[in-house]
Each structure stands twice: as structure tokens, then as C-alpha cells.
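Undergrad: Okay, so here is coords_38.txt, and as you'll see once you scroll down, it has compact mmCIF, C-alpha atoms and all ligand atoms.
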# COMPACT_ATOMS: atom_id res chain seq x y z
CA MET E 509 64.66 60.20 89.74
CA GLU E 510 68.39 60.47 89.45
CA LYS E 511 69.56 64.03 89.70
CA THR E 512 72.07 65.18 87.15
CA LEU E 513 72.93 68.50 85.69
CA SER E 514 73.74 67.01 82.28
CA PRO E 515 71.91 68.38 79.27
CA PRO E 516 69.02 66.19 78.07
CA ALA E 517 70.06 63.51 75.56
CA ASP E 518 68.49 65.33 72.62
CA ALA E 519 70.25 68.61 73.35
CA PRO E 520 72.86 69.61 70.76
CA ALA E 521 76.41 68.95 71.94
CA ARG E 522 78.25 72.05 73.05
CA LYS E 523 80.99 72.99 70.64
CA ALA E 524 83.89 75.34 71.04
CA PRO E 525 83.30 78.42 68.89
CA ALA E 526 84.98 78.06 65.50
CA SER E 527 86.19 81.65 65.51
CA THR E 528 89.87 82.48 65.62
CA GLU E 529 89.23 85.30 68.05
CA ILE E 530 91.15 85.45 71.30
CA PRO E 531 88.84 86.87 73.95
CA PHE E 532 90.28 88.86 76.82
CA PHE E 533 88.82 86.34 79.23
CA SER E 534 87.13 82.97 78.97
CA GLN E 535 86.51 80.23 81.47
CA ALA E 536 84.59 78.01 79.03
CA ALA E 537 87.38 75.46 78.56
CA GLU E 538 88.29 75.43 82.25
CA PHE E 539 84.64 74.90 83.12
CA GLU E 540 84.37 72.06 80.62
CA ARG E 541 87.46 70.40 82.10
CA LEU E 542 86.29 70.73 85.71
CA TRP E 543 82.65 69.95 84.95
CA PRO E 544 82.41 66.50 86.61
CA ARG E 545 83.80 67.88 89.84
CA ILE E 546 81.70 71.06 89.71
CA ARG E 547 78.57 69.03 88.96
CA ASN E 548 79.19 66.75 91.96
CA GLU E 549 79.49 69.67 94.34
CA CYS E 550 76.40 71.39 92.88
CA VAL E 551 74.35 68.20 93.18
CA ARG E 552 75.30 68.03 96.87
CA VAL E 553 73.80 71.51 97.31
CA LEU E 554 70.63 70.55 95.42
CA ASP E 555 70.27 67.38 97.51
CA ARG E 556 70.58 69.31 100.76
CA GLY E 557 68.15 71.99 99.61
CA LYS E 558 69.92 74.80 101.50
CA PHE E 559 70.86 77.45 98.96
CA SER E 560 72.11 80.41 100.98
CA HIS E 561 74.52 80.55 103.90
CA GLY E 562 74.42 76.75 104.24
CA ALA E 563 76.83 73.89 104.87
CA MET E 564 78.58 74.27 101.50
CA VAL E 565 79.51 77.86 102.36
CA ALA E 566 80.96 76.66 105.67
CA GLU E 567 82.88 73.89 103.90
CA PHE E 568 84.33 76.32 101.35
CA GLU E 569 85.31 78.73 104.16
CA ARG E 570 87.18 75.91 105.93
CA GLU E 571 89.02 74.85 102.77
CA LEU E 572 89.93 78.42 101.83
CA ALA E 573 91.17 79.04 105.38
CA ARG E 574 93.42 76.02 104.98
CA TRP E 575 94.64 77.15 101.54
CA THR E 576 95.39 80.74 102.61
CA GLY E 577 96.41 80.05 106.21
CA ALA E 578 93.82 82.57 107.44
CA ARG E 579 92.46 82.04 110.95
CA HIS E 580 89.07 83.23 109.69
CA VAL E 581 87.40 83.27 106.29
CA VAL E 582 83.96 84.89 106.06
CA GLY E 583 82.22 84.08 102.78
CA VAL E 584 80.03 86.83 101.33
CA ASN E 585 78.25 87.77 98.12
CA SER E 586 80.96 89.94 96.53
CA GLY E 587 84.42 91.36 97.02
CA THR E 588 82.84 94.80 97.34
CA ASP E 589 80.61 93.75 100.25
CA ALA E 590 83.61 92.01 101.83
CA LEU E 591 85.39 95.40 101.79
CA VAL E 592 82.37 97.16 103.31
CA LEU E 593 82.07 94.56 106.07
CA LEU E 594 85.81 94.64 106.72
CA LEU E 595 85.83 98.43 107.10
CA ARG E 596 82.80 98.35 109.40
CA ALA E 597 84.03 95.40 111.46
CA ALA E 598 87.43 97.09 111.85
CA GLY E 599 85.64 100.01 113.52
CA LEU E 600 85.20 102.67 110.85
CA ARG E 601 82.94 105.41 112.18
CA PRO E 602 80.84 107.85 110.14
CA GLY E 603 83.05 110.56 108.66
CA ASP E 604 86.33 108.73 109.29
CA GLU E 605 88.84 109.12 106.47
CA VAL E 606 90.44 106.14 104.78
CA ILE E 607 93.45 106.65 102.51
CA VAL E 608 93.28 104.64 99.28
CA PRO E 609 95.27 104.78 96.02
CA ALA E 610 93.89 106.87 93.14
CA TYR E 611 94.75 104.02 90.76
CA THR E 612 92.55 100.98 91.52
CA PHE E 613 89.15 99.49 90.82
CA VAL E 614 86.37 101.87 91.90
CA ALA E 615 85.11 99.48 94.62
CA THR E 616 88.17 100.22 96.79
CA ALA E 617 86.89 103.74 97.33
CA SER E 618 83.14 103.20 96.98
CA ALA E 619 83.30 100.59 99.77
CA VAL E 620 84.64 103.33 102.04
CA VAL E 621 81.64 105.52 101.17
CA LEU E 622 79.21 102.61 101.66
CA ALA E 623 80.74 101.95 105.09
CA GLY E 624 80.09 105.59 106.08
CA GLY E 625 83.64 106.86 105.62
CA VAL E 626 85.38 109.35 103.34
CA PRO E 627 87.99 108.15 100.84
CA VAL E 628 91.17 110.22 100.61
CA PHE E 629 93.37 109.53 97.62
CA ALA E 630 97.12 108.99 97.42
CA ASP E 631 99.36 108.48 94.38
CA ILE E 632 101.02 105.22 93.40
CA GLU E 633 104.71 104.38 93.34
CA ARG E 634 107.02 104.91 90.40
CA ARG E 635 107.88 101.22 90.48
CA GLY E 636 104.90 98.92 90.40
CA TYR E 637 101.34 100.02 90.97
CA GLY E 638 101.02 100.03 94.76
CA VAL E 639 100.17 103.09 96.83
CA ASP E 640 103.20 105.29 97.53
CA PRO E 641 103.90 105.41 101.31
CA ALA E 642 105.20 109.00 100.99
CA SER E 643 101.94 110.04 99.31
CA VAL E 644 100.01 108.25 102.09
CA ALA E 645 101.96 110.21 104.71
CA ALA E 646 101.14 113.47 102.90
CA ALA E 647 97.42 112.61 102.88
CA VAL E 648 97.11 112.01 106.64
CA GLY E 649 94.88 114.54 108.42
CA PRO E 650 93.14 114.83 111.79
CA ARG E 651 90.19 112.63 110.67
CA THR E 652 92.28 109.87 109.08
CA ARG E 653 91.63 106.51 110.75
CA MET E 654 92.70 103.90 108.23
CA VAL E 655 94.77 103.22 105.15
CA MET E 656 93.89 100.54 102.60
CA PRO E 657 96.62 99.63 100.10
CA VAL E 658 95.59 97.56 97.06
CA HIS E 659 97.52 94.63 95.58
CA LEU E 660 97.10 94.98 91.82
CA PHE E 661 97.66 92.56 88.93
CA ASP E 662 100.77 90.54 89.89
CA ARG E 663 102.33 92.31 92.82
CA LEU E 664 101.90 93.34 96.43
CA ALA E 665 101.80 96.94 97.59
CA ASP E 666 104.75 98.09 99.73
CA MET E 667 103.33 96.82 103.02
CA ALA E 668 106.45 97.62 105.08
CA GLY E 669 106.35 101.23 103.87
CA VAL E 670 102.62 101.57 104.54
CA HIS E 671 102.90 100.01 108.01
CA GLU E 672 105.69 102.43 108.87
CA VAL E 673 103.49 105.46 108.01
CA ALA E 674 100.51 103.87 109.81
CA ARG E 675 102.56 103.32 112.98
CA ARG E 676 103.65 106.95 113.03
CA HIS E 677 100.06 108.21 112.73
CA GLY E 678 98.16 105.49 114.61
CA LEU E 679 96.23 104.27 111.56
CA THR E 680 94.62 100.87 111.10
CA VAL E 681 95.90 99.09 107.97
CA LEU E 682 93.49 97.01 105.86
CA GLU E 683 94.15 95.46 102.45
CA ASP E 684 92.09 95.44 99.28
CA SER E 685 93.51 92.08 98.29
CA ALA E 686 90.53 91.31 96.00
CA GLU E 687 92.89 90.42 93.12
CA ALA E 688 95.62 88.81 95.18
CA ILE E 689 94.63 85.20 95.80
CA GLY E 690 97.84 83.14 95.98
CA MET E 691 100.17 86.12 96.57
CA ARG E 692 102.28 85.71 99.67
CA LEU E 693 104.93 87.72 101.47
CA ASP E 694 107.35 85.60 103.52
CA GLY E 695 104.76 82.82 103.49
CA ARG E 696 101.86 84.99 104.69
CA HIS E 697 98.94 85.28 102.30
CA ALA E 698 97.72 88.65 101.00
CA GLY E 699 94.96 90.01 103.22
CA LEU E 700 96.81 88.73 106.30
CA LEU E 701 99.61 91.30 106.01
CA SER E 702 97.49 93.74 108.02
CA THR E 703 94.36 93.74 110.21
CA GLY E 704 92.41 92.06 107.42
CA GLY E 705 91.75 91.79 103.72
CA VAL E 706 89.31 90.44 101.14
CA LEU E 707 89.09 88.23 98.09
CA SER E 708 86.81 88.63 95.09
CA PHE E 709 85.47 85.61 93.22
CA PHE E 710 84.01 87.64 90.36
CA PRO E 711 84.15 85.24 87.37
CA ALA E 712 87.20 86.86 85.75
CA LYS E 713 89.28 86.75 88.93
CA THR E 714 91.96 84.05 89.43
CA LEU E 715 89.46 81.97 91.42
CA GLY E 716 86.17 82.79 89.73
CA ALA E 717 82.61 81.80 90.62
CA ILE E 718 79.71 81.55 88.17
CA GLY E 719 78.39 84.86 89.43
CA ASP E 720 79.35 87.20 92.22
CA ALA E 721 80.99 86.09 95.45
CA GLY E 722 83.72 87.24 97.82
CA ALA E 723 85.32 86.63 101.18
CA LEU E 724 86.87 88.47 104.09
CA LEU E 725 90.19 87.17 105.49
CA THR E 726 91.48 88.00 108.96
CA ASP E 727 93.36 86.56 111.92
CA ASP E 728 91.35 88.81 114.27
CA ASP E 729 88.60 86.94 116.17
CA GLY E 730 86.54 90.08 116.90
CA ILE E 731 86.55 91.34 113.31
CA ALA E 732 85.55 87.91 112.02
CA GLU E 733 82.69 87.62 114.52
CA THR E 734 81.37 91.12 113.71
CA ALA E 735 81.62 90.48 109.95
CA ARG E 736 79.75 87.17 110.31
CA ARG E 737 76.93 88.99 112.05
CA LEU E 738 76.87 91.98 109.70
CA ARG E 739 76.55 89.76 106.60
CA HIS E 740 73.40 88.24 108.07
CA HIS E 741 71.31 91.26 109.17
CA GLY E 742 73.46 91.68 112.28
CA ARG E 743 72.20 88.42 113.72
CA ALA E 744 74.01 86.52 116.44
CA GLY E 745 71.46 83.69 116.35
CA ARG E 746 68.02 83.19 114.93
CA THR E 747 66.40 86.04 116.82
CA LEU E 748 68.91 88.63 117.93
CA ASP E 749 69.05 91.48 115.42
CA ASP E 750 71.22 94.01 117.18
CA PHE E 751 74.75 94.72 118.31
CA PRO E 752 74.86 95.24 122.05
CA GLY E 753 77.61 97.64 123.00
CA ILE E 754 77.80 99.51 119.69
CA ALA E 755 75.83 102.71 119.84
CA ASN E 756 75.62 104.24 116.38
CA PRO E 757 72.68 102.86 114.39
CA THR E 758 74.20 103.77 111.01
CA VAL E 759 77.14 101.57 111.85
CA VAL E 760 75.41 98.69 113.60
CA SER E 761 72.62 97.74 111.23
CA GLY E 762 73.42 94.54 109.46
CA CYS E 763 72.86 93.87 105.80
CA ASN E 764 72.31 90.84 103.62
CA SER E 765 75.69 89.92 102.19
CA LYS E 766 75.40 86.16 102.48
CA MET E 767 77.12 83.80 100.03
CA ASP E 768 75.13 81.43 97.81
CA ASP E 769 75.81 77.72 98.33
CA LEU E 770 75.95 77.07 94.58
CA GLN E 771 78.74 79.64 94.28
CA ALA E 772 80.51 77.97 97.21
CA ALA E 773 80.12 74.59 95.46
CA VAL E 774 81.73 75.85 92.26
CA LEU E 775 84.48 77.60 94.19
CA LEU E 776 85.19 74.49 96.26
CA ALA E 777 85.51 72.42 93.08
CA LYS E 778 87.80 75.00 91.45
CA LEU E 779 89.93 75.46 94.58
CA ALA E 780 91.26 71.94 94.03
CA GLY E 781 92.76 73.10 90.72
CA LEU E 782 93.88 76.55 91.84
CA ASP E 783 97.60 75.80 92.19
CA ALA E 784 97.68 74.37 88.66
CA ALA E 785 95.73 77.37 87.33
CA ILE E 786 98.17 79.78 89.00
CA ALA E 787 101.14 77.87 87.58
CA ARG E 788 99.69 77.99 84.06
CA ARG E 789 99.00 81.72 84.32
CA ALA E 790 102.64 82.27 85.40
CA GLU E 791 103.86 80.23 82.44
CA LEU E 792 101.83 82.30 79.98
CA SER E 793 102.89 85.53 81.63
CA ALA E 794 106.57 84.52 81.36
CA ARG E 795 105.98 83.74 77.67
CA TYR E 796 104.57 87.25 77.13
CA ASP E 797 107.53 88.75 79.03
CA ALA E 798 110.12 86.88 76.99
CA ARG E 799 108.54 87.83 73.66
CA LEU E 800 107.69 91.45 74.42
CA ARG E 801 110.79 92.53 76.32
CA GLY E 802 112.72 95.16 74.42
CA LEU E 803 110.08 95.97 71.81
CA PRO E 804 110.02 99.71 71.08
CA GLY E 805 107.06 101.60 72.54
CA VAL E 806 105.89 98.97 75.03
CA ARG E 807 107.27 98.00 78.42
CA ALA E 808 106.57 96.10 81.58
CA VAL E 809 106.62 98.17 84.73
CA PRO E 810 109.17 96.80 87.20
CA GLY E 811 108.22 95.95 90.74
CA GLU E 812 108.43 93.24 93.35
CA VAL E 813 106.52 90.26 92.03
CA PRO E 814 105.89 87.65 94.74
CA PRO E 815 106.88 84.07 94.01
CA HIS E 816 104.40 81.24 94.51
CA PRO E 817 105.50 78.42 96.86
CA GLY E 818 104.91 75.97 94.00
CA GLY E 819 107.39 77.97 91.88
CA GLY E 820 106.71 80.71 89.38
CA ARG E 821 104.76 83.85 90.08
CA VAL E 822 101.19 84.75 90.88
CA VAL E 823 99.71 86.70 88.00
CA TYR E 824 96.09 87.81 87.98
CA VAL E 825 96.53 90.29 85.14
CA HIS E 826 99.41 90.57 82.65
CA LEU E 827 99.76 94.28 82.13
CA ILE E 828 102.03 96.19 79.77
CA GLU E 829 102.36 99.91 79.21
CA ALA E 830 102.33 101.33 75.70
CA ASP E 831 103.18 104.82 74.39
CA ARG E 832 100.28 104.68 71.93
CA ARG E 833 97.99 102.57 74.05
CA ASP E 834 94.68 103.33 72.34
CA ALA E 835 96.14 102.69 68.89
CA LEU E 836 97.58 99.39 70.13
CA VAL E 837 94.20 98.38 71.59
CA ALA E 838 92.52 99.16 68.24
CA HIS E 839 95.24 97.26 66.34
CA LEU E 840 94.70 94.16 68.52
CA ALA E 841 90.90 94.44 68.34
CA ALA E 842 91.12 94.48 64.53
CA ARG E 843 92.92 91.12 64.80
CA GLY E 844 90.25 89.69 67.08
CA ILE E 845 92.32 90.02 70.25
CA GLY E 846 90.53 91.27 73.35
CA THR E 847 92.23 93.55 75.87
CA GLU E 848 91.16 95.59 78.89
CA THR E 849 92.35 98.99 79.99
CA TYR E 850 92.96 98.68 83.72
CA TYR E 851 92.05 101.30 84.86
CA PRO E 852 90.57 103.73 82.36
CA LEU E 853 90.26 106.74 84.68
CA PRO E 854 91.92 107.42 88.05
CA LEU E 855 89.46 107.59 90.93
CA HIS E 856 90.12 111.25 91.77
CA LEU E 857 88.79 112.15 88.30
CA GLN E 858 85.71 109.87 88.42
CA PRO E 859 82.38 111.76 88.48
CA CYS E 860 81.28 109.93 91.66
CA PHE E 861 84.20 111.49 93.54
CA ALA E 862 83.99 114.95 91.96
CA HIS E 863 82.79 116.35 95.31
CA LEU E 864 86.25 115.61 96.75
CA GLY E 865 87.51 118.50 94.60
CA HIS E 866 90.44 117.04 92.66
CA ALA E 867 91.81 118.16 89.31
CA PRO E 868 93.97 116.54 86.62
CA GLY E 869 97.60 116.63 87.72
CA ASP E 870 96.89 115.90 91.40
CA PHE E 871 98.18 112.31 91.16
CA PRO E 872 100.41 112.25 88.07
CA ARG E 873 101.62 108.64 88.39
CA ALA E 874 98.07 107.29 88.70
CA GLU E 875 97.08 109.38 85.67
CA ALA E 876 100.06 108.16 83.64
CA ALA E 877 99.26 104.52 84.44
CA CYS E 878 95.65 105.01 83.34
CA ALA E 879 96.82 106.53 80.05
CA SER E 880 99.28 103.79 79.10
CA ALA E 881 98.33 100.47 80.75
CA VAL E 882 96.73 97.62 78.82
CA ALA E 883 95.98 94.07 80.02
CA LEU E 884 96.52 91.09 77.70
CA PRO E 885 94.43 87.89 77.56
CA LEU E 886 95.44 85.56 80.43
CA TYR E 887 93.60 82.45 81.61
CA PRO E 888 94.64 78.83 82.17
CA ASP E 889 93.22 77.50 78.91
CA LEU E 890 94.78 80.14 76.68
CA THR E 891 97.14 78.11 74.49
CA ASP E 892 100.80 78.88 73.82
CA ALA E 893 99.88 79.38 70.17
CA GLN E 894 97.23 81.95 71.12
CA ALA E 895 99.69 83.80 73.39
CA ASP E 896 102.18 83.80 70.50
CA ARG E 897 99.56 85.30 68.20
CA VAL E 898 98.99 88.09 70.70
CA CYS E 899 102.75 88.71 70.77
CA ASP E 900 102.97 88.61 66.94
CA ALA E 901 100.28 91.25 66.71
CA ILE E 902 101.99 93.50 69.28
CA GLU E 903 105.37 93.05 67.58
CA ASP E 904 103.80 93.91 64.26
CA PHE E 905 102.35 97.11 65.76
CA CYS E 906 105.62 98.14 67.40
CA THR E 907 107.93 97.50 64.45
CA ARG E 908 105.59 98.72 61.69
CA ARG E 909 105.20 102.18 63.16
CA ARG E 910 108.99 102.55 63.18
CA ARG E 911 109.34 101.99 59.46
C1 LIG N 1 87.40 92.84 91.70
C2 LIG N 1 87.84 93.89 92.65
C3 LIG N 1 87.01 94.36 93.70
C4 LIG N 1 85.55 94.03 93.83
O1 LIG N 1 85.20 92.73 93.81
P1 LIG N 1 83.71 92.30 93.35
O2 LIG N 1 83.69 90.85 93.74
O3 LIG N 1 83.64 92.51 91.88
O4 LIG N 1 82.73 93.11 94.10
C5 LIG N 1 87.55 95.28 94.59
N1 LIG N 1 88.80 95.73 94.47
C6 LIG N 1 89.61 95.33 93.47
C7 LIG N 1 91.00 95.88 93.40
C8 LIG N 1 89.15 94.42 92.52
O5 LIG N 1 89.95 94.05 91.51
Could you show the structure in this file as C-alpha cells?
Ligand SMILES: *Cc1c(COP(=O)(O)O)cnc(C)c1O
TA:
Amino acid sequence: MEKTLSPPADAPARKAPASTEIPFFSQAAEFERLWPRIRNECVRVLDRGKFSHGAMVAEFERELARWTGARHVVGVNSGTDALVLLLRAAGLRPGDEVIVPAYTFVATASAVVLAGGVPVFADIERRGYGVDPASVAAAVGPRTRMVMPVHLFDRLADMAGVHEVARRHGLTVLEDSAEAIGMRLDGRHAGLLSTGGVLSFFPAKTLGAIGDAGALLTDDDGIAETARRLRHHGRAGRTLDDFPGIANPTVVSGCNSKMDDLQAAVLLAKLAGLDAAIARRAELSARYDARLRGLPGVRAVPGEVPPHPGGGRVVYVHLIEADRRDALVAHLAARGIGTETYYPLPLHLQPCFAHLGHAPGDFPRAEAACASAVALPLYPDLTDAQADRVCDAIEDFCTRRRR
């Protein structure tokens, strides 16, 4: 029987929803457009019958290594597990402190805990949303081993500033580059601006799977080899389940963080269209910028935004700050426009880190960003007309409250 993933002939045709709503994120149209290619890659996986950690994962790793310029790409089951494996493979020991920004996705800090370490928070910069090197320097203590800046939304953290502090204190630098696919500094891809970094392929990310997936990027042979073993129960081959030469059992046990071949198949198919997707996102983001610049009560936060070699910028999230953020979010929601508040609460005030003993006011810039930032809809198949409707609604909000 011929294998296809097409719906049976009597199935009702899929139709785009008739609603005029603009969701915060949708990959339905992109998926529809790329479907023949995605289906071909998925059928190859079904034909081979190897669904985890198989040849498709290896093929995707090779292609992603070519695309990013990384010496090693280790495919895993999520960006979070990629962070845990990176921290462990880079030599984090139980109780070691890792400095991370207070303003980021929770996984940046929870990965440190999962790897056996202790997160220590630092504030972000006035410009942009990267960790502030001066705040990193102030957070260094006798148990500090590593620092992990995060590249958020559409910009890189100040890597030169972080490296300078790290050199002075002998810290290893890693990157949470989960959001940063396509971002480069002087031609080097995010995640390769330090000892190593990660990518997340969570569906809403710039390169999204149809479930969870992630990867570790590094130019370091030893880190890549250790991460490859850790993702697969610590195995070097079919039988060897240990790490000779590493003594601490809490650090050496492997886990199951392997990537699914069907996710690799989808990602491989979408990788071919990634440059075009990035270019379209940049176009939409520039459209938002042009329309929203100068409106009272909203602003874009300045910062270094890395250009893409193909021209334009790399924008994962288009973020603006608003004086009356929650009212703006409600105003847009009433018009059927989805938004996200990245990030709703700084990590030092999250219940899961309450034991670290922080209070409001400890990291004022992270707290201010959480109170005012809002992300607008941004995905390749958002139309110009839809982006204009988002801008109309924001303009309406900003000018009406002045009258
Ligand atoms: C998405 C994201 C992660 C986690 O990735 P998952 O694939 O969802 O586990 C980690 N850090 C940052 C900054 C992210 O945006």
C-alpha cells in the first residue's frame, strides 16, 4: 500500500478559520505551505521505522551545523534539556553558582537547578534586555563558576562585556541562545559566542517543531561528546552506561533527552525555508516600528539588533513597552488581537526561587521590563493588512486616552 499522510478522500477539506481574529501565534498557514516537503520527510521516517535518535536526527544535526556554522550540533528533546546537558557537559558541579539574568524565561534558571547548581540573579541593562555586565560582576562570589547570558527577542546580550567580567573572575561563559536562531555577531552564530549554547524548537520559536525539541551548539569536542552520551543514558555504545573518569554520581548519570525523528523530519523540511521566514519576520517587525514610532505611551527599547547576512534583522519576538500595558493588552484582546507578556514576573520574585531570599526592588530594571513589555503577533504568514490592524488598534488606544 502506498504510504501517504494525506487525509482520506472523504475527509472534509481543511479551511482557514473565518474569524477576523489575529492570534498571537499561528503556524497553520506556514504548515499548509510547507506540507508537501514536510510530508516527504515524515514518510522517510515512517519507511525507515526508526523513531527516536535515528538517521533523520543525524541528518538534521548535519544540516543545522552547516546552517549555523557550529562544529557540533547535538539534537535533544527540548531547549530546556539542552541547557541542562550543556551545563553538565561544561563541568558544573553540585552547588556551583551560575549567574543568570532575572529577566528571562524560567528555564534559564531552572536548568541550573536541574543540573545541580544554584542560580544567582543579575539585573538587565538599561538599553536592550541583556544581562548587565556590571550587575554580573557584583553577583560574583566564591562559589560562582559560570555565567549564562540570554539573547532575548531580537538582540544579543553584551557578550564582550560579559566575557570581560568572566575573564577577571575565571568564569565559564555559556549562552541561553534558545530564542536566537539566525542571530550572528561578526558572522558567528549565537551559541558559539562562548563555550556553548542551545536552541529551542518549541513550536512558537522561529524554527518550530510540531512538539518539543531542542539542540546544543558548541565548537568544543569534549562538551559535544559528553552531551551526546548524557542525552542517551550516559551511553558510549550499546552497553556502556557509565562515565569513566568522572566521580560524582549525581553528575554522571545520564538521562533520556533524545530527539524524535519525526520532529527532526519537520525541522529539516522547515530549515530549507528558514532564511525566507526570518526575512518576512524582519519585514513585519519593520512595519510595526514605522507605524508605532512616536506614539504617546508606547516605545521600543533601543539596543544593538544584529543584522542577518541576507539583509534585515533577526526578530523572534517584536516587543514594545507601554505605560499602561495591562490596559493596552485588554484593549487589543477586545479587538481579537492576541499578545503575550514576556515575561510576566522576574525570576527573583517567582515562588520557585523564593528560597533565594529576594524582594521587590532587588533588580529594578528586570521588574520594570516585566511591568511594561508586551509582544505583538509575529509570524511569517501574518499579512501586512493584519499587522496594520494591530497598529490601528494600538494607535487608537494611544490617541484616545489623550483626548
Ligand atoms: C524557549 C526558551 C527556553 C526553553 O526551551 P524549551 O524548548 O521550551 O524547553 C529556554 N530559554 C529561553 C530564553 C527560551 O525562550
Undergrad: Rank nothing, just name the residue among E:Phe861, E:Phe532, E:Phe559, E:Phe613 nearest to ligand LIG 1 (chain N), using all atoms listed in the file.
TA: E:Phe613
Undergrad: From the set E:Leu594, E:Tyr637, E:Phe661, E:Ile828, which residue has the shortest atom-to-atom contact distance to Gly802 in chain E, counting all atoms listed in the file?
TA: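 Of the candidates, the smallest distance to Gly802 in chain E is held by E:Ile828.
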Undergrad: Kindly compile the residues surrounding ligand LIG 1 (chain N) within 8 Å, counting all atoms listed in the file, and format them as a compact mmCIF listing (two decimals) with C-alpha atoms, keeping the file's coordinate frame.
TA:
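Contents of the output file pocket.txt:
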# COMPACT_ATOMS: atom_id res chain seq x y z
CA ASN E 585 78.25 87.77 98.12
CA SER E 586 80.96 89.94 96.53
CA GLY E 587 84.42 91.36 97.02
CA THR E 588 82.84 94.80 97.34
CA ASP E 589 80.61 93.75 100.25
CA ALA E 590 83.61 92.01 101.83
CA LEU E 591 85.39 95.40 101.79
CA THR E 612 92.55 100.98 91.52
CA PHE E 613 89.15 99.49 90.82
CA VAL E 614 86.37 101.87 91.90
CA ALA E 615 85.11 99.48 94.62
CA THR E 616 88.17 100.22 96.79
CA VAL E 658 95.59 97.56 97.06
CA HIS E 659 97.52 94.63 95.58
CA LEU E 660 97.10 94.98 91.82
CA ASP E 684 92.09 95.44 99.28
CA SER E 685 93.51 92.08 98.29
CA ALA E 686 90.53 91.31 96.00
CA GLU E 687 92.89 90.42 93.12
CA LEU E 707 89.09 88.23 98.09
CA SER E 708 86.81 88.63 95.09
CA PHE E 709 85.47 85.61 93.22
CA PHE E 710 84.01 87.64 90.36
CA LYS E 713 89.28 86.75 88.93
CA ASP E 720 79.35 87.20 92.22
CA ALA E 721 80.99 86.09 95.45
CA GLY E 722 83.72 87.24 97.82
Undergrad: Which residues come within 12 Å of Ala578 in chain E, counting all atoms listed in the file, excluding same-chain residues fewer than 3 positions away, as a PDB file with C-alpha atoms, in the coordinates of the input?
TA:
ATOM      1  CA  GLU E 569      85.310  78.730 104.160  1.00  0.00           C
ATOM      2  CA  ARG E 570      87.180  75.910 105.930  1.00  0.00           C
ATOM      3  CA  GLU E 571      89.020  74.850 102.770  1.00  0.00           C
ATOM      4  CA  LEU E 572      89.930  78.420 101.830  1.00  0.00           C
ATOM      5  CA  ALA E 573      91.170  79.040 105.380  1.00  0.00           C
ATOM      6  CA  ARG E 574      93.420  76.020 104.980  1.00  0.00           C
ATOM      7  CA  TRP E 575      94.640  77.150 101.540  1.00  0.00           C
ATOM      8  CA  VAL E 581      87.400  83.270 106.290  1.00  0.00           C
ATOM      9  CA  VAL E 582      83.960  84.890 106.060  1.00  0.00           C
ATOM     10  CA  ILE E 689      94.630  85.200  95.800  1.00  0.00           C
ATOM     11  CA  ARG E 692     102.280  85.710  99.670  1.00  0.00           C
ATOM     12  CA  GLY E 695     104.760  82.820 103.490  1.00  0.00           C
ATOM     13  CA  ARG E 696     101.860  84.990 104.690  1.00  0.00           C
ATOM     14  CA  HIS E 697      98.940  85.280 102.300  1.00  0.00           C
ATOM     15  CA  ALA E 698      97.720  88.650 101.000  1.00  0.00           C
ATOM     16  CA  GLY E 699      94.960  90.010 103.220  1.00  0.00           C
ATOM     17  CA  LEU E 700      96.810  88.730 106.300  1.00  0.00           C
ATOM     18  CA  LEU E 701      99.610  91.300 106.010  1.00  0.00           C
ATOM     19  CA  SER E 702      97.490  93.740 108.020  1.00  0.00           C
ATOM     20  CA  THR E 703      94.360  93.740 110.210  1.00  0.00           C
ATOM     21  CA  GLY E 704      92.410  92.060 107.420  1.00  0.00           C
ATOM     22  CA  GLY E 705      91.750  91.790 103.720  1.00  0.00           C
ATOM     23  CA  VAL E 706      89.310  90.440 101.140  1.00  0.00           C
ATOM     24  CA  LEU E 707      89.090  88.230  98.090  1.00  0.00           C
ATOM     25  CA  ALA E 723      85.320  86.630 101.180  1.00  0.00           C
ATOM     26  CA  LEU E 724      86.870  88.470 104.090  1.00  0.00           C
ATOM     27  CA  LEU E 725      90.190  87.170 105.490  1.00  0.00           C
ATOM     28  CA  THR E 726      91.480  88.000 108.960  1.00  0.00           C
ATOM     29  CA  ASP E 727      93.360  86.560 111.920  1.00  0.00           C
ATOM     30  CA  ASP E 728      91.350  88.810 114.270  1.00  0.00           C
ATOM     31  CA  ASP E 729      88.600  86.940 116.170  1.00  0.00           C
ATOM     32  CA  ALA E 732      85.550  87.910 112.020  1.00  0.00           C
TER      33      ALA E 732
END
Undergrad: List the neighbours of Leu864 in chain E out to 12 Å using all atoms listed in the file; skip same-chain residues closer than 2 positions along the sequence, and give me the result as a ChimeraX atom specification.
TA: /E:605,617,621,626-629,855-862,866-867,870
Undergrad: With the cut-off set at 8 Å and counting only C-alpha atoms, tabulate each residue of range 528-608 of chain E with an atom at most that distance from an atom of range 886-894 of chain E, showing the nearest atom pair and its distance in Å to one decimal, ordered by chain and increasing number, as a tab-separated table.
TA:
residue	atom	partner	partner_atom	distance
E:Ile530	CA	E:Gln894	CA	7.0
E:Phe532	CA	E:Leu886	CA	7.1
E:Phe533	CA	E:Tyr887	CA	6.6
E:Ser534	CA	E:Tyr887	CA	7.0
E:Gln535	CA	E:Tyr887	CA	7.4
E:Ala537	CA	E:Asp889	CA	6.2
E:Glu538	CA	E:Asp889	CA	6.3
Undergrad: For a test of reading the model, state the distance in Å between CA of Gly805 in chain E and CA of Glu903 in chain E, rounded to one decimal.
TA: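 CA of Gly805 in chain E sits 10.0 Å away from CA of Glu903 in chain E.
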Undergrad: Report the distance between CA of Leu679 in chain E and CA of Ala598 in chain E in Å, rounded to one decimal place.
TA: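 Taking CA of Leu679 in chain E as the start and CA of Ala598 in chain E as the end point, the length is 11.4 Å.
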Undergrad: Could you work out how far CA of Val774 in chain E lies from CA of Leu595 in chain E, giving the answer in Å with one decimal?
TA: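 These atoms are spaced 27.3 Å apart.
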Undergrad: With distances taken over all atoms listed in the file, which residue among E:Ala665, E:Val898, E:Leu593, E:Leu542 lies nearest Gly742 in chain E?
TA: E:Leu593
Undergrad: Can you tell me, as number ranges by chain, what residues are no more than 10 Å from His677 in chain E when counting all atoms listed in the file, ignoring any on the same chain fewer than 6 positions away?
TA: E: 645, 648-650, 652-654, 671
Undergrad: Excluding Arg635 in chain E and its own-chain neighbours fewer than 2 positions away, which residues fall within 12 Å of it when counting only C-alpha atoms? Please give them as a count of residues only.
TA: 20
Undergrad: Give me the residues near His740 in chain E as a list in words, where near means some atom within 7 Å (using only C-alpha atoms) and where sequence neighbours in that chain fewer than 4 positions away do not count.
TA: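 Everything that qualifies: Arg736, Gly762, Cys763, Asn764, Ser765 and Lys766 of chain E.
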